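Chemist: Sharing a structure here in structure tokens format.
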Amino acid sequence: MLEDKEGETQRDLYKVRQELRLVRQIKKQKDTAEEWRRHGVPDQRRPDDFDASDEDESAHDTGGVNGHQTGPTRKVRILDLMAQDPKRIWKVNDVSLALNDRKIKSLRVAMDELVRAGSLTKHPGANYQFSAVSQLPF
């Protein structure tokens with residue numbers, strides 16, 4: 001009877017440990033979110049293959065200094081570039097190279113938002129084109 005009780009206690013202990021692990025994960029996420037609310041979301045880590053000169057150049061070219069926008073927004077720069085040749089079909093990598101902006105994911109998100117706003121058209125294969133009836137969405 002005691003062996004049965006021990007087995008049941010072991011199963012209960014396992015369940016408690018699992019719940020405790022999940023609660024700790026939730027607490028860690030909550031602490032992170034609170035830290036971000038107080039101090040802002042930290043900048044994304046840069047890939048290891050960038051050297052110091054690339055970081056300085058990248059901060060200057062994207063118009064951002066310590067997270068504060070000093071020049072045209074990414075969306076405006078994308079639209080300005082693509083409006084120069086409205087018939088051209090662009091890949092995100094092409095826009096990245098033309099704007100000297102290495103944040104590919106941010107560019108893709110911005111371009112998808114411009115598609116939803118009607119400023120760009122998205123073709124199959126993740127190809128983008130300036131929309132002739134485009135109006136600046138901001």
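Labels used: A, B, ... for chains in the order of the structure tokens, numbers from 1 for residues in each chain, and numbers from 1 for ligands as shown.
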Might you pull out every residue within 12 Å of A:Lys105, with only C-alpha atoms counted and same-chain residues fewer than 2 positions away left off, and present them as a PyMOL selection string?
Modeler: chain A and resi 44+92-93+95-96+101-103+107-112
Chemist: Go ahead and write the selection's residues with N, CA, C and O atoms as a PDB file, in the first residue's frame.
Modeler:
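Listing of again_10.pdb after writing:
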```
ATOM      1  N   GLN A  44      17.699  45.041 -32.105  1.00  0.00           N
ATOM      2  CA  GLN A  44      17.963  43.678 -32.528  1.00  0.00           C
ATOM      3  C   GLN A  44      19.465  43.460 -32.605  1.00  0.00           C
ATOM      4  O   GLN A  44      20.210  44.350 -33.007  1.00  0.00           O
ATOM      5  N   VAL A  92      12.838  41.820 -52.438  1.00  0.00           N
ATOM      6  CA  VAL A  92      13.233  42.506 -51.206  1.00  0.00           C
ATOM      7  C   VAL A  92      14.749  42.704 -51.169  1.00  0.00           C
ATOM      8  O   VAL A  92      15.236  43.760 -50.759  1.00  0.00           O
ATOM      9  N   ASN A  93      15.496  41.703 -51.620  1.00  0.00           N
ATOM     10  CA  ASN A  93      16.963  41.825 -51.634  1.00  0.00           C
ATOM     11  C   ASN A  93      17.425  42.961 -52.542  1.00  0.00           C
ATOM     12  O   ASN A  93      18.409  43.637 -52.237  1.00  0.00           O
ATOM     13  N   VAL A  95      15.768  45.752 -53.150  1.00  0.00           N
ATOM     14  CA  VAL A  95      15.488  46.986 -52.407  1.00  0.00           C
ATOM     15  C   VAL A  95      16.524  47.169 -51.306  1.00  0.00           C
ATOM     16  O   VAL A  95      17.040  48.269 -51.090  1.00  0.00           O
ATOM     17  N   SER A  96      16.881  46.077 -50.643  1.00  0.00           N
ATOM     18  CA  SER A  96      17.882  46.128 -49.580  1.00  0.00           C
ATOM     19  C   SER A  96      19.212  46.664 -50.102  1.00  0.00           C
ATOM     20  O   SER A  96      19.836  47.534 -49.480  1.00  0.00           O
ATOM     21  N   ASP A 101      20.199  48.936 -46.845  1.00  0.00           N
ATOM     22  CA  ASP A 101      19.508  48.624 -45.595  1.00  0.00           C
ATOM     23  C   ASP A 101      19.554  47.111 -45.425  1.00  0.00           C
ATOM     24  O   ASP A 101      18.922  46.381 -46.181  1.00  0.00           O
ATOM     25  N   ARG A 102      20.310  46.624 -44.458  1.00  0.00           N
ATOM     26  CA  ARG A 102      20.516  45.187 -44.279  1.00  0.00           C
ATOM     27  C   ARG A 102      19.398  44.511 -43.493  1.00  0.00           C
ATOM     28  O   ARG A 102      19.444  43.306 -43.302  1.00  0.00           O
ATOM     29  N   LYS A 103      18.429  45.247 -43.056  1.00  0.00           N
ATOM     30  CA  LYS A 103      17.346  44.661 -42.261  1.00  0.00           C
ATOM     31  C   LYS A 103      16.278  44.110 -43.201  1.00  0.00           C
ATOM     32  O   LYS A 103      15.213  44.693 -43.399  1.00  0.00           O
ATOM     33  N   LEU A 107      12.383  45.265 -43.990  1.00  0.00           N
ATOM     34  CA  LEU A 107      12.012  45.738 -45.321  1.00  0.00           C
ATOM     35  C   LEU A 107      10.812  44.959 -45.855  1.00  0.00           C
ATOM     36  O   LEU A 107       9.873  45.533 -46.403  1.00  0.00           O
ATOM     37  N   ARG A 108      10.857  43.641 -45.688  1.00  0.00           N
ATOM     38  CA  ARG A 108       9.751  42.812 -46.175  1.00  0.00           C
ATOM     39  C   ARG A 108       8.450  43.173 -45.472  1.00  0.00           C
ATOM     40  O   ARG A 108       7.406  43.312 -46.114  1.00  0.00           O
ATOM     41  N   VAL A 109       8.515  43.365 -44.178  1.00  0.00           N
ATOM     42  CA  VAL A 109       7.314  43.741 -43.424  1.00  0.00           C
ATOM     43  C   VAL A 109       6.790  45.090 -43.902  1.00  0.00           C
ATOM     44  O   VAL A 109       5.586  45.264 -44.132  1.00  0.00           O
ATOM     45  N   ALA A 110       7.686  46.056 -44.086  1.00  0.00           N
ATOM     46  CA  ALA A 110       7.281  47.385 -44.556  1.00  0.00           C
ATOM     47  C   ALA A 110       6.663  47.293 -45.948  1.00  0.00           C
ATOM     48  O   ALA A 110       5.638  47.934 -46.231  1.00  0.00           O
ATOM     49  N   MET A 111       7.259  46.485 -46.813  1.00  0.00           N
ATOM     50  CA  MET A 111       6.727  46.344 -48.167  1.00  0.00           C
ATOM     51  C   MET A 111       5.361  45.661 -48.155  1.00  0.00           C
ATOM     52  O   MET A 111       4.457  46.052 -48.895  1.00  0.00           O
ATOM     53  N   ASP A 112       5.179  44.672 -47.295  1.00  0.00           N
ATOM     54  CA  ASP A 112       3.870  44.028 -47.180  1.00  0.00           C
ATOM     55  C   ASP A 112       2.819  45.004 -46.639  1.00  0.00           C
ATOM     56  O   ASP A 112       1.657  44.970 -47.056  1.00  0.00           O
TER      57      ASP A 112
END
```
Chemist: When distances are computed from only C-alpha atoms, which of A:Gly7, A:Pro42, A:Gly125, A:Gly71 shows the smallest separation from A:Trp90?
Modeler: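 Using only C-alpha atoms, A:Trp90 sits closest to A:Gly125.
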Chemist: How many Å lie between atom CA of A:Arg88 and atom CA of A:Arg116, rounded to one decimal?
Modeler: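 Between atom CA of A:Arg88 and atom CA of A:Arg116 the gap is 19.1 Å.
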Chemist: With only C-alpha atoms as the counted atoms, please give the residues lying no more than 8 Å from A:Lys87, apart from itself and same-chain residues fewer than 2 positions off, as a list in words.
Modeler: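 Returned residues: Asp85, Ile89, Gln129 and Phe130 of chain A.
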Chemist: How about saving the chosen residues, C-alpha atoms kept, as a PDB file, in the first residue's frame?
Modeler:
```pdb
ATOM      1  CA  ASP A  85      10.915  53.036 -62.202  1.00  0.00           C
ATOM      2  CA  ILE A  89       9.589  44.322 -60.482  1.00  0.00           C
ATOM      3  CA  GLN A 129       5.953  46.634 -57.971  1.00  0.00           C
ATOM      4  CA  PHE A 130       5.118  50.287 -57.429  1.00  0.00           C
TER       5      PHE A 130
END
```
Chemist: Near A:Lys91, within 8 Å and counting only C-alpha atoms, which residues show up once chain neighbours fewer than 6 positions away are dropped, as a ChimeraX atom specification?
Modeler: /A:126-128
Chemist: Since we have the selection now, will you write its residues out, keeping N, CA, C and O atoms, as a PDB file, in the first residue's frame?
Modeler:
```pdb
ATOM      1  N   ALA A 126       6.978  36.591 -54.394  1.00  0.00           N
ATOM      2  CA  ALA A 126       7.434  37.685 -53.519  1.00  0.00           C
ATOM      3  C   ALA A 126       8.109  38.787 -54.322  1.00  0.00           C
ATOM      4  O   ALA A 126       9.137  39.323 -53.928  1.00  0.00           O
ATOM      5  N   ASN A 127       7.520  39.124 -55.459  1.00  0.00           N
ATOM      6  CA  ASN A 127       7.986  40.237 -56.283  1.00  0.00           C
ATOM      7  C   ASN A 127       7.064  41.419 -56.045  1.00  0.00           C
ATOM      8  O   ASN A 127       5.837  41.258 -55.980  1.00  0.00           O
ATOM      9  N   TYR A 128       7.631  42.601 -55.936  1.00  0.00           N
ATOM     10  CA  TYR A 128       6.865  43.805 -55.631  1.00  0.00           C
ATOM     11  C   TYR A 128       7.000  44.815 -56.759  1.00  0.00           C
ATOM     12  O   TYR A 128       8.036  44.889 -57.413  1.00  0.00           O
TER      13      TYR A 128
END
```
Chemist: Between atom CA of A:Leu99 and atom CA of A:Ala83, measure the distance and give it in Å to one decimal.
Modeler: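 Going from atom CA of A:Leu99 over to atom CA of A:Ala83 covers 13.4 Å.
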